[in-house]
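Text of the file structure-v8.tsv, holding TSV, C-alpha atoms and all ligand atoms:
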chain	number	residue	atom	x	y	z
A	1	MET	CA	-55.12	51.87	-42.22
A	2	ALA	CA	-58.35	51.28	-44.15
A	3	GLU	CA	-60.22	51.61	-40.85
A	4	VAL	CA	-58.59	54.98	-40.10
A	5	HIS	CA	-59.35	56.18	-43.59
A	6	ARG	CA	-63.03	55.37	-43.20
A	7	THR	CA	-63.18	57.34	-39.94
A	8	PHE	CA	-61.88	60.39	-41.75
A	9	VAL	CA	-64.34	60.05	-44.59
A	10	TYR	CA	-67.30	60.04	-42.22
A	11	TRP	CA	-66.01	62.60	-39.81
A	12	ARG	CA	-67.81	65.89	-40.03
A	13	ILE	CA	-67.84	68.97	-37.87
A	14	SER	CA	-71.51	69.70	-37.34
A	15	CYS	CA	-72.62	73.07	-38.61
A	16	THR	CA	-75.70	75.19	-38.05
A	17	ALA	CA	-76.57	78.72	-39.03
A	18	SER	CA	-76.21	81.53	-36.51
A	19	PRO	CA	-78.75	81.30	-33.69
A	20	ARG	CA	-82.24	82.70	-34.16
A	21	VAL	CA	-85.07	83.32	-31.78
A	22	GLY	CA	-85.71	80.25	-29.65
A	23	GLU	CA	-82.17	78.95	-29.79
A	24	SER	CA	-79.62	79.58	-27.12
A	25	GLY	CA	-76.75	79.97	-29.54
A	26	GLY	CA	-73.74	77.73	-29.54
A	27	ALA	CA	-73.18	75.66	-32.62
A	28	ASN	CA	-70.84	77.27	-35.03
A	29	ASP	CA	-69.63	76.86	-38.56
A	30	VAL	CA	-65.91	76.22	-38.57
A	31	ARG	CA	-64.35	78.05	-41.47
A	32	ILE	CA	-60.65	77.39	-41.80
A	33	LEU	CA	-57.86	79.44	-43.28
A	34	LEU	CA	-54.75	77.43	-44.08
A	35	VAL	CA	-51.60	79.52	-44.52
A	36	GLU	CA	-48.77	77.36	-45.82
A	37	ASP	CA	-46.12	78.21	-48.41
A	38	SER	CA	-44.98	74.64	-49.03
A	39	ALA	CA	-47.12	73.35	-51.88
A	40	ILE	CA	-46.69	69.75	-50.70
A	41	GLU	CA	-47.82	70.50	-47.13
A	42	ARG	CA	-50.63	72.69	-48.37
A	43	ARG	CA	-51.92	69.98	-50.65
A	44	GLN	CA	-51.60	67.32	-47.95
A	45	ILE	CA	-53.36	69.30	-45.22
A	46	GLY	CA	-55.94	70.50	-47.76
A	47	ALA	CA	-56.64	66.88	-48.67
A	48	TYR	CA	-57.33	66.01	-45.01
A	49	LEU	CA	-59.62	68.99	-44.53
A	50	ARG	CA	-61.50	68.18	-47.72
A	51	GLU	CA	-61.81	64.56	-46.72
A	52	TRP	CA	-63.34	65.61	-43.39
A	53	GLY	CA	-65.86	67.82	-45.17
A	54	LEU	CA	-64.53	71.05	-43.71
A	55	ASP	CA	-64.99	74.49	-45.19
A	56	PHE	CA	-61.51	75.90	-45.84
A	57	GLN	CA	-59.41	78.10	-48.05
A	58	ALA	CA	-55.67	77.89	-48.50
A	59	VAL	CA	-53.12	80.62	-49.27
A	60	ASP	CA	-49.35	80.50	-49.61
A	61	ASN	CA	-48.42	83.85	-48.04
A	62	GLY	CA	-49.11	85.92	-44.96
A	63	THR	CA	-50.10	89.11	-46.76
A	64	GLU	CA	-53.06	87.52	-48.49
A	65	ALA	CA	-53.93	85.71	-45.27
A	66	TRP	CA	-54.06	88.99	-43.35
A	67	SER	CA	-56.38	90.58	-45.86
A	68	ILE	CA	-58.71	87.54	-45.70
A	69	LEU	CA	-58.66	87.58	-41.89
A	70	GLN	CA	-59.80	91.20	-41.81
A	71	SER	CA	-62.68	90.71	-44.24
A	72	PRO	CA	-66.30	90.47	-43.09
A	73	ASP	CA	-67.24	86.86	-42.37
A	74	ALA	CA	-63.55	85.94	-42.10
A	75	PRO	CA	-62.52	82.36	-41.29
A	76	ASN	CA	-62.69	81.63	-37.57
A	77	LEU	CA	-59.97	78.99	-37.35
A	78	ALA	CA	-56.50	79.69	-38.74
A	79	LEU	CA	-53.83	77.07	-39.35
A	80	LEU	CA	-50.70	79.19	-39.62
A	81	ASP	CA	-47.35	78.06	-40.87
A	82	TRP	CA	-44.61	79.84	-38.90
A	83	VAL	CA	-42.36	80.72	-41.83
A	84	VAL	CA	-44.28	82.08	-44.81
A	85	PRO	CA	-43.58	84.97	-47.20
A	86	GLY	CA	-45.16	88.31	-46.40
A	87	VAL	CA	-46.52	88.49	-42.87
A	88	GLU	CA	-45.05	85.59	-40.86
A	89	GLY	CA	-47.34	83.18	-39.00
A	90	ILE	CA	-46.32	84.43	-35.60
A	91	GLU	CA	-46.91	88.03	-36.63
A	92	LEU	CA	-50.33	87.03	-38.00
A	93	CYS	CA	-51.13	85.67	-34.55
A	94	ARG	CA	-50.23	88.98	-32.95
A	95	LYS	CA	-52.25	90.93	-35.50
A	96	ILE	CA	-55.30	88.71	-35.03
A	97	ARG	CA	-55.18	89.25	-31.26
A	98	ALA	CA	-54.64	93.00	-31.74
A	99	LEU	CA	-57.94	93.10	-33.70
A	100	GLY	CA	-59.75	92.09	-30.50
A	101	ILE	CA	-62.71	89.74	-30.48
A	102	ASN	CA	-65.04	92.12	-32.31
A	103	GLY	CA	-67.88	89.66	-32.56
A	104	THR	CA	-66.09	86.42	-33.30
A	105	TYR	CA	-62.98	84.77	-32.01
A	106	THR	CA	-60.30	83.45	-34.37
A	107	TYR	CA	-58.86	80.22	-33.06
A	108	THR	CA	-55.25	79.91	-34.18
A	109	VAL	CA	-53.04	76.85	-34.48
A	110	MET	CA	-49.37	77.37	-35.35
A	111	LEU	CA	-47.92	74.78	-37.72
A	112	THR	CA	-44.18	74.55	-37.76
A	113	ALA	CA	-41.21	72.30	-38.07
A	114	LYS	CA	-39.84	74.04	-35.01
A	115	ASP	CA	-40.67	71.87	-32.07
A	116	ARG	CA	-38.50	73.29	-29.37
A	117	LYS	CA	-40.26	74.25	-26.15
A	118	CYS	CA	-39.19	77.89	-26.36
A	119	ASP	CA	-40.92	78.22	-29.75
A	120	LEU	CA	-44.10	76.87	-28.25
A	121	LEU	CA	-43.97	79.58	-25.60
A	122	THR	CA	-43.31	82.28	-28.21
A	123	ALA	CA	-46.33	81.11	-30.22
A	124	MET	CA	-48.62	81.09	-27.19
A	125	GLU	CA	-47.38	84.52	-26.09
A	126	ALA	CA	-48.12	85.83	-29.58
A	127	GLY	CA	-51.72	84.70	-29.11
A	128	ALA	CA	-51.75	81.21	-30.64
A	129	ASP	CA	-54.24	78.83	-29.08
A	130	ASP	CA	-52.43	75.68	-30.06
A	131	TYR	CA	-49.36	74.37	-31.78
A	132	LEU	CA	-48.77	71.48	-34.17
A	133	ALA	CA	-45.42	70.10	-35.32
A	134	LYS	CA	-44.84	69.41	-39.01
A	135	PRO	CA	-45.10	67.14	-40.84
A	136	VAL	CA	-48.69	67.25	-39.68
A	137	ASP	CA	-50.14	64.06	-38.30
A	138	PRO	CA	-53.82	63.82	-39.38
A	139	SER	CA	-55.09	62.54	-36.02
A	140	GLU	CA	-53.37	65.39	-34.20
A	141	LEU	CA	-54.70	67.91	-36.68
A	142	ARG	CA	-58.18	66.53	-36.28
A	143	ALA	CA	-57.91	66.71	-32.49
A	144	ARG	CA	-56.71	70.34	-32.65
A	145	ILE	CA	-59.64	71.31	-34.88
A	146	LEU	CA	-62.12	69.59	-32.55
A	147	VAL	CA	-60.79	71.56	-29.59
A	148	GLY	CA	-60.94	74.71	-31.70
A	149	LYS	CA	-64.57	74.07	-32.55
A	150	ARG	CA	-65.38	73.56	-28.87
A	151	ILE	CA	-63.78	76.90	-27.96
A	152	LEU	CA	-65.55	78.66	-30.84
A	153	ASP	CA	-68.91	77.20	-29.76
A	154	LEU	CA	-68.28	78.35	-26.20
A	155	GLN	CA	-67.29	81.81	-27.35
A	156	GLN	CA	-70.42	82.07	-29.48
A	157	SER	CA	-72.66	80.95	-26.61
A	158	LEU	CA	-71.09	83.53	-24.30
A	159	ARG	CA	-71.45	86.22	-26.90
A	160	PHE	CA	-75.10	85.27	-27.51
A	161	ALA	CA	-75.81	85.43	-23.77
A	162	ALA	CA	-74.11	88.83	-23.49
A	163	THR	CA	-76.00	90.39	-26.39
A	164	HIS	CA	-79.45	88.81	-26.20
A	165	ASP	CA	-82.38	89.09	-23.86
A	166	PHE	CA	-82.75	85.94	-21.77
A	167	LEU	CA	-86.55	85.75	-21.99
A	168	THR	CA	-87.33	86.70	-25.59
A	169	LYS	CA	-83.97	85.89	-27.23
A	170	LEU	CA	-84.16	89.21	-29.06
A	171	LEU	CA	-81.18	91.57	-28.83
A	172	ASN	CA	-80.92	93.03	-25.34
A	173	ARG	CA	-81.15	96.73	-24.58
A	174	ALA	CA	-77.40	97.42	-24.75
A	175	GLU	CA	-77.05	95.56	-28.04
A	176	ILE	CA	-80.06	97.12	-29.80
A	177	LEU	CA	-78.75	100.56	-28.77
A	178	ALA	CA	-75.26	99.67	-30.04
A	179	SER	CA	-76.91	98.52	-33.27
A	180	LEU	CA	-78.78	101.81	-33.54
A	181	LYS	CA	-75.49	103.66	-33.13
A	182	ARG	CA	-73.92	101.59	-35.93
A	183	GLU	CA	-76.93	101.96	-38.23
A	184	LEU	CA	-77.14	105.70	-37.65
A	185	ALA	CA	-73.45	106.08	-38.52
A	186	ARG	CA	-74.00	103.99	-41.64
A	187	SER	CA	-77.06	106.02	-42.55
A	188	GLU	CA	-75.04	109.25	-42.31
A	189	ARG	CA	-72.21	107.76	-44.35
A	190	ASP	CA	-74.44	106.38	-47.12
A	191	GLY	CA	-77.01	109.19	-47.07
A	192	LYS	CA	-79.81	106.65	-46.51
A	193	PRO	CA	-82.36	106.73	-43.69
A	194	VAL	CA	-82.77	104.23	-40.89
A	195	ALA	CA	-86.21	103.80	-39.37
A	196	VAL	CA	-86.87	103.22	-35.68
A	197	ILE	CA	-90.07	101.61	-34.44
A	198	MET	CA	-90.79	101.63	-30.72
A	199	ALA	CA	-93.48	99.11	-29.81
A	200	ASP	CA	-95.21	98.78	-26.46
A	201	VAL	CA	-97.68	96.07	-25.47
A	202	ASP	CA	-101.12	97.46	-24.69
A	203	HIS	CA	-102.43	97.02	-21.15
A	204	PHE	CA	-99.83	94.41	-20.41
A	205	LYS	CA	-100.20	94.92	-16.69
A	206	ARG	CA	-103.72	93.51	-16.93
A	207	ILE	CA	-102.33	90.26	-18.38
A	208	ASN	CA	-99.92	89.94	-15.48
A	209	ASP	CA	-102.59	90.86	-12.98
A	210	SER	CA	-105.20	88.45	-14.29
A	211	LEU	CA	-103.08	85.48	-15.39
A	212	GLY	CA	-99.88	85.83	-13.39
A	213	HIS	CA	-96.32	86.79	-14.19
A	214	ALA	CA	-95.42	83.42	-15.77
A	215	ALA	CA	-98.24	83.74	-18.31
A	216	GLY	CA	-97.09	87.33	-18.90
A	217	ASP	CA	-93.63	85.99	-19.65
A	218	SER	CA	-94.88	83.47	-22.18
A	219	VAL	CA	-96.95	86.19	-23.86
A	220	LEU	CA	-93.79	88.32	-24.16
A	221	LYS	CA	-91.92	85.40	-25.71
A	222	GLU	CA	-94.57	84.73	-28.32
A	223	LEU	CA	-94.95	88.43	-29.03
A	224	ALA	CA	-91.20	88.74	-29.63
A	225	GLN	CA	-91.43	85.92	-32.17
A	226	ARG	CA	-94.26	87.68	-33.95
A	227	LEU	CA	-92.38	90.98	-34.01
A	228	GLN	CA	-89.36	89.28	-35.47
A	229	SER	CA	-91.17	87.04	-37.95
A	230	ASP	CA	-92.04	89.83	-40.35
A	231	LEU	CA	-88.54	91.36	-40.46
A	232	ARG	CA	-86.01	91.18	-43.27
A	233	PRO	CA	-82.66	89.54	-42.51
A	234	TYR	CA	-80.91	92.88	-42.05
A	235	ASP	CA	-83.61	94.44	-39.85
A	236	LEU	CA	-82.99	94.26	-36.10
A	237	ALA	CA	-85.28	93.63	-33.15
A	238	GLY	CA	-84.45	94.16	-29.50
A	239	ARG	CA	-86.09	94.28	-26.10
A	240	TYR	CA	-85.79	97.89	-25.02
A	241	GLY	CA	-87.46	97.52	-21.62
A	242	GLY	CA	-90.03	95.32	-19.82
A	243	GLU	CA	-92.75	95.17	-22.50
A	244	GLU	CA	-91.19	97.64	-24.90
A	245	PHE	CA	-89.38	96.67	-28.07
A	246	LEU	CA	-87.25	98.48	-30.63
A	247	LEU	CA	-87.19	97.56	-34.29
A	248	LEU	CA	-84.56	99.05	-36.60
A	249	LEU	CA	-85.13	99.06	-40.35
A	250	PRO	CA	-81.96	100.10	-42.19
A	251	ASN	CA	-82.34	101.91	-45.50
A	252	CYS	CA	-86.02	102.57	-44.83
A	253	GLY	CA	-87.76	105.96	-44.93
A	254	LEU	CA	-90.66	107.12	-42.77
A	255	GLN	CA	-93.51	106.22	-45.15
A	256	THR	CA	-92.27	102.69	-45.77
A	257	ALA	CA	-91.56	102.26	-42.06
A	258	LEU	CA	-95.14	103.32	-41.24
A	259	ARG	CA	-96.52	100.73	-43.64
A	260	ARG	CA	-94.24	98.02	-42.29
A	261	ALA	CA	-95.07	98.95	-38.67
A	262	ASN	CA	-98.76	98.60	-39.48
A	263	GLU	CA	-98.18	95.19	-41.02
A	264	ILE	CA	-96.26	94.06	-37.95
A	265	ARG	CA	-98.89	95.50	-35.61
A	266	THR	CA	-101.61	93.60	-37.52
A	267	LEU	CA	-99.60	90.40	-37.29
A	268	VAL	CA	-99.06	90.85	-33.55
A	269	GLY	CA	-102.78	91.31	-32.82
A	270	ARG	CA	-104.24	88.92	-35.41
A	271	ASP	CA	-104.37	85.70	-33.36
A	272	MET	CA	-104.77	85.20	-29.65
A	273	ILE	CA	-101.64	84.13	-27.83
A	274	VAL	CA	-102.12	80.67	-26.37
A	275	SER	CA	-100.66	80.47	-22.87
A	276	ALA	CA	-100.92	77.57	-20.40
A	277	SER	CA	-103.88	79.13	-18.59
A	278	ALA	CA	-105.78	81.02	-21.28
A	279	ASN	CA	-105.93	82.37	-24.80
A	280	VAL	CA	-104.88	85.99	-24.53
A	281	PRO	CA	-105.76	88.76	-26.97
A	282	VAL	CA	-102.70	90.99	-27.31
A	283	THR	CA	-102.15	94.23	-29.18
A	284	ALA	CA	-99.29	96.70	-29.37
A	285	SER	CA	-98.97	100.41	-30.04
A	286	MET	CA	-96.09	101.74	-32.09
A	287	GLY	CA	-94.22	104.99	-32.58
A	288	VAL	CA	-92.18	105.43	-35.73
A	289	THR	CA	-89.45	107.79	-36.79
A	290	ALA	CA	-86.67	107.74	-39.37
A	291	SER	CA	-83.28	109.38	-39.45
A	292	ASN	CA	-82.87	112.15	-41.94
A	293	PRO	CA	-79.40	112.35	-43.48
A	294	ALA	CA	-79.95	116.11	-43.86
A	295	GLN	CA	-80.27	116.53	-40.09
A	296	ASP	CA	-77.76	115.64	-37.43
A	297	TRP	CA	-80.14	113.74	-35.19
A	298	THR	CA	-78.51	111.73	-32.45
A	299	ILE	CA	-79.56	108.35	-31.10
A	300	GLU	CA	-81.16	110.14	-28.17
A	301	ASP	CA	-83.13	112.33	-30.60
A	302	LEU	CA	-84.44	109.32	-32.51
A	303	LEU	CA	-85.41	107.49	-29.32
A	304	GLN	CA	-87.16	110.58	-28.02
A	305	GLN	CA	-89.00	110.94	-31.34
A	306	ALA	CA	-90.09	107.29	-31.42
A	307	ASP	CA	-91.16	107.54	-27.78
A	308	SER	CA	-93.22	110.66	-28.39
A	309	ALA	CA	-94.87	109.03	-31.43
A	310	LEU	CA	-95.61	105.98	-29.26
A	311	TYR	CA	-97.19	108.26	-26.68
A	312	HIS	CA	-99.48	109.61	-29.40
A	313	ALA	CA	-100.40	106.07	-30.42
A	314	LYS	CA	-101.39	105.32	-26.81
A	315	GLN	CA	-103.35	108.59	-26.64
A	316	SER	CA	-105.14	107.68	-29.86
A	317	GLY	CA	-106.66	104.57	-28.30
A	318	ARG	CA	-103.79	102.02	-28.57
A	319	ASN	CA	-103.36	99.19	-31.15
A	320	CYS	CA	-102.25	101.75	-33.73
A	321	VAL	CA	-99.14	103.29	-35.29
A	322	ARG	CA	-98.14	106.93	-35.18
A	323	ALA	CA	-95.25	108.73	-36.87
A	324	PHE	CA	-93.10	111.38	-35.31
A	325	SER	CA	-93.53	114.75	-36.95
A	326	ALA	CA	-90.85	117.37	-36.39
A	327	ALA	CA	-93.39	120.08	-37.36
A	328	THR	CA	-95.83	119.32	-34.55
A	329	ASN	CA	-93.34	117.98	-32.11
A	330	PRO	CA	-89.94	119.64	-32.41
A	331	ILE	CA	-87.11	117.94	-30.59
A	332	VAL	CA	-86.15	119.65	-27.40
A	333	ARG	CA	-82.54	119.01	-26.46
A	334	VAL	CA	-81.89	119.30	-22.75
A	401	LIG	P1	-100.03	100.66	-21.65
A	401	LIG	O1	-101.01	100.17	-22.64
A	401	LIG	O2	-100.24	102.07	-21.27
A	401	LIG	O3	-98.63	100.42	-22.11
A	401	LIG	O4	-100.27	99.80	-20.33
A	401	LIG	P2	-99.37	98.67	-19.71
A	401	LIG	O5	-100.15	97.97	-18.66
A	401	LIG	O6	-98.81	97.80	-20.79
A	401	LIG	O7	-98.15	99.50	-19.12
A	401	LIG	P3	-97.53	99.60	-17.70
A	401	LIG	O8	-96.27	100.38	-17.88
A	401	LIG	O9	-98.53	100.13	-16.71
A	401	LIG	O10	-97.20	98.12	-17.27
A	401	LIG	C1	-96.20	97.37	-17.88
A	401	LIG	C2	-96.10	96.08	-17.11
A	401	LIG	O11	-95.16	95.21	-17.70
A	401	LIG	C3	-95.66	96.28	-15.69
A	401	LIG	C4	-94.58	95.26	-15.47
A	401	LIG	O12	-94.75	94.52	-14.30
A	401	LIG	C5	-94.72	94.34	-16.67
A	401	LIG	N1	-93.46	93.71	-17.02
A	401	LIG	C6	-92.27	94.31	-17.32
A	401	LIG	N2	-91.33	93.38	-17.61
A	401	LIG	C7	-91.93	92.16	-17.47
A	401	LIG	C8	-91.46	90.81	-17.63
A	401	LIG	O13	-90.31	90.52	-17.96
A	401	LIG	N3	-92.36	89.82	-17.44
A	401	LIG	C9	-93.66	90.09	-17.08
A	401	LIG	N4	-94.50	89.06	-16.91
A	401	LIG	N5	-94.09	91.35	-16.91
A	401	LIG	C10	-93.26	92.37	-17.10
A	402	MG	MG	-43.24	77.66	-44.50
A	403	MG	MG	-94.31	100.26	-21.33
A	404	MG	MG	-97.49	98.70	-22.22
Step by step, read the file and then write its structure as structure tokens.
Amino acid sequence: MAEVHRTFVYWRISCTASPRVGESGGANDVRILLVEDSAIERRQIGAYLREWGLDFQAVDNGTEAWSILQSPDAPNLALLDWVVPGVEGIELCRKIRALGINGTYTYTVMLTAKDRKCDLLTAMEAGADDYLAKPVDPSELRARILVGKRILDLQQSLRFAATHDFLTKLLNRAEILASLKRELARSERDGKPVAVIMADVDHFKRINDSLGHAAGDSVLKELAQRLQSDLRPYDLAGRYGGEEFLLLLPNCGLQTALRRANEIRTLVGRDMIVSASANVPVTASMGVTASNPAQDWTIEDLLQQADSALYHAKQSGRNCVRAFSAATNPIVRV
């Protein structure tokens, strides 16, 4: 028994922060929600989870559980008692599945004294991933959580691959455009601007032509890191096309965005990029625009504005930043 106890004390589910540039995604924090109305069971299971060093919160009713599960950064693994006041465990399962994946998956384990086979089927049909008979055996609970963590890691890796660019690990085109849509909606709701910076590597074709495509690729990777390194946590960077990137700066007006774009441009061009075959000087040109809550600009409008400002930057000799001006360059909707 002492041996078993020691295993539990040292058992930890490894945690890392969400993936950043250079990581492929995968490892996941497991945050547990325990929904159990029996104080004895709640205390007992809570004691195991605490002993294993797991991040968890416990509630005694389904109504509170449902509100926690809908919150931002909700727990991603739910241990649900079948019979609880408010929303029942099985109904919570259905509601969780009805929410859809929406970024993260919630792994659900039904806990119940019911151990008949037909109940198991009902739980699985309601969307439960696993099932554990009460009173809960700690080894079984531990095994269920380990499987849950594996599924959550897998889900996060798949999601990372679906939303990020394979080469640079920045957001991919679809995801940066989806982010722009979200940020523009938020900007309209809050009456605050969102700035869009379109960056394009200068004379990138020459790098490919002189050093080869592989060296070009490693230049793009390093450049993406540089673009991202100067951003705030809530700014977003994505690969818009081959050697074109989009940066989104929420709650940022045109003047501030211009200053920030210039800082990023300086950072990009400051040091040569060291590739296997040569040290490569690299610069980028940037076009900047910002949404204006007083105008009903669409995503397409903002992209067109940033693109036209980028065109001006290229025309002005490259390695510079230009802002879109509605006065000199009115948007033409086709
Ligand atoms: P400008 O300053 O006018 O932007 O000139 P540029 O040479 O950068 O622009 P251009 O559009 O002529 O060439 C872009 C090149 O980027 C052509 C294309 O082969 C290369 N490219 C696009 N995607 C990739 C990629 O994933 N890897 C590599 N190595 N090259 C790429
Ligand atoms: Mg109960
Ligand atoms: Mg280009
Ligand atoms: Mg280019």
Practice task
Step by step, measure atom-to-atom distances between ligand LIG 401 (chain A) and each residue using all atoms listed in the file, keep those at most 12 Å, then write them as a VMD selection string.
Solution key: chain A and resid 165 to 168 198 to 221 223 to 224 239 to 245 282 to 286 307 310 to 320
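Closest to Gln57 in chain A among A:Glu125, A:Glu36, A:Glu188, A:Asp130 is A:Glu36, based on only C-alpha atoms.
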Exercise for the section: Would you mind listing what lies within 7 Å of Gly127 in chain A as an MDAnalysis selection string, with only C-alpha atoms counted and same-chain residues fewer than 6 positions away left out? Expected result: chainID A and resid 93:94 97
Output of the above residues as a PDB file, keeping the file's coordinate frame, restricted to C-alpha atoms:
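This went into out-v9.pdb:
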ATOM      1  CA  CYS A  93     -51.130  85.670 -34.550  1.00  0.00           C
ATOM      2  CA  ARG A  94     -50.230  88.980 -32.950  1.00  0.00           C
ATOM      3  CA  ARG A  97     -55.180  89.250 -31.260  1.00  0.00           C
TER       4      ARG A  97
END
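Here CA of Asp37 in chain A is placed at a distance of 26.4 Å from CA of Gly100 in chain A.
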Completion exercise
Counting all atoms listed in the file, closest pick from A:Arg116, A:Pro281, A:Val288, A:Glu140 relative to Ala261 in chain A is A:Val288
Handout entry: Nearest candidate to His164 in chain A (options A:Met124, A:Val196, A:Ala237, A:Ala98; using all atoms listed in the file)
Key =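 Among the listed residues, A:Ala237 lies closest to His164 in chain A.
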Problem - Residues within 12 Å of Leu249 in chain A, only C-alpha atoms, excluding chain neighbours under 5 positions, as JSON, numbers by chain - result: {"A": [176, 179, 180, 183, 184, 187, 192, 193, 194, 195, 196, 197, 198, 228, 230, 231, 232, 233, 234, 235, 236, 237, 238, 254, 256, 257, 258, 259, 260, 261, 288, 289, 290, 291]}
Produce the centre coordinates and the three edge lengths, each in Å to one decimal, of the box along x, y and z that contains all listed atoms of range 208-226 of chain A with 6 Å added on each side, as JSON.
{"center_x": -98.2, "center_y": 87.1, "center_z": -23.5, "size_x": 26.0, "size_y": 19.4, "size_z": 33.0}
Exercise for the section: Let me have all residues with an atom within 8 Å of ligand MG 402 (chain A), counting only C-alpha atoms and all ligand atoms, laid out as a list in words. Expected result: Glu36, Asp37, Ser38, Asp81, Trp82, Val83, Val84, Pro85 and Thr112 of chain A
Handout entry: d(CA of Val30 in chain A, CA of Lys134 in chain A) in Å
Key = 22.1 Å
Can you rebuild range 57-73 of chain A with N, CA and C atoms and give it as an mmCIF file, in the frame of the given file?
data_model
loop_
_atom_site.group_PDB
_atom_site.id
_atom_site.type_symbol
_atom_site.label_atom_id
_atom_site.label_comp_id
_atom_site.auth_asym_id
_atom_site.auth_seq_id
_atom_site.Cartn_x
_atom_site.Cartn_y
_atom_site.Cartn_z
ATOM 1 N N GLN A 57 -60.114 77.534 -46.919
ATOM 2 C CA GLN A 57 -59.410 78.100 -48.050
ATOM 3 C C GLN A 57 -57.930 78.116 -47.703
ATOM 4 N N ALA A 58 -57.102 77.996 -48.740
ATOM 5 C CA ALA A 58 -55.670 77.890 -48.500
ATOM 6 C C ALA A 58 -54.942 78.989 -49.263
ATOM 7 N N VAL A 59 -53.965 79.627 -48.594
ATOM 8 C CA VAL A 59 -53.120 80.620 -49.270
ATOM 9 C C VAL A 59 -51.662 80.304 -48.953
ATOM 10 N N ASP A 60 -50.768 80.849 -49.788
ATOM 11 C CA ASP A 60 -49.350 80.500 -49.610
ATOM 12 C C ASP A 60 -48.526 81.645 -49.051
ATOM 13 N N ASN A 61 -49.196 82.738 -48.599
ATOM 14 C CA ASN A 61 -48.420 83.850 -48.040
ATOM 15 C C ASN A 61 -49.226 84.588 -46.978
ATOM 16 N N GLY A 62 -48.489 85.270 -46.106
ATOM 17 C CA GLY A 62 -49.110 85.920 -44.960
ATOM 18 C C GLY A 62 -49.852 87.203 -45.312
ATOM 19 N N THR A 63 -49.451 87.846 -46.389
ATOM 20 C CA THR A 63 -50.100 89.110 -46.760
ATOM 21 C C THR A 63 -51.545 88.862 -47.186
ATOM 22 N N GLU A 64 -51.706 87.859 -48.044
ATOM 23 C CA GLU A 64 -53.060 87.520 -48.490
ATOM 24 C C GLU A 64 -53.894 87.024 -47.306
ATOM 25 N N ALA A 65 -53.237 86.234 -46.443
ATOM 26 C CA ALA A 65 -53.930 85.710 -45.270
ATOM 27 C C ALA A 65 -54.475 86.855 -44.412
ATOM 28 N N TRP A 66 -53.657 87.868 -44.218
ATOM 29 C CA TRP A 66 -54.060 88.990 -43.350
ATOM 30 C C TRP A 66 -55.246 89.728 -43.948
ATOM 31 N N SER A 67 -55.253 89.866 -45.269
ATOM 32 C CA SER A 67 -56.380 90.580 -45.860
ATOM 33 C C SER A 67 -57.653 89.729 -45.737
ATOM 34 N N ILE A 68 -57.538 88.415 -45.867
ATOM 35 C CA ILE A 68 -58.710 87.540 -45.700
ATOM 36 C C ILE A 68 -59.214 87.592 -44.243
ATOM 37 N N LEU A 69 -58.271 87.601 -43.306
ATOM 38 C CA LEU A 69 -58.660 87.580 -41.890
ATOM 39 C C LEU A 69 -59.367 88.861 -41.445
ATOM 40 N N GLN A 70 -59.148 89.929 -42.180
ATOM 41 C CA GLN A 70 -59.800 91.200 -41.810
ATOM 42 C C GLN A 70 -61.145 91.394 -42.505
ATOM 43 N N SER A 71 -61.461 90.510 -43.454
ATOM 44 C CA SER A 71 -62.680 90.710 -44.240
ATOM 45 C C SER A 71 -63.912 90.345 -43.403
ATOM 46 N N PRO A 72 -65.095 90.870 -43.807
ATOM 47 C CA PRO A 72 -66.300 90.470 -43.090
ATOM 48 C C PRO A 72 -66.503 88.959 -43.288
ATOM 49 N N ASP A 73 -67.028 88.295 -42.284
ATOM 50 C CA ASP A 73 -67.240 86.860 -42.370
ATOM 51 C C ASP A 73 -65.928 86.108 -42.609
#
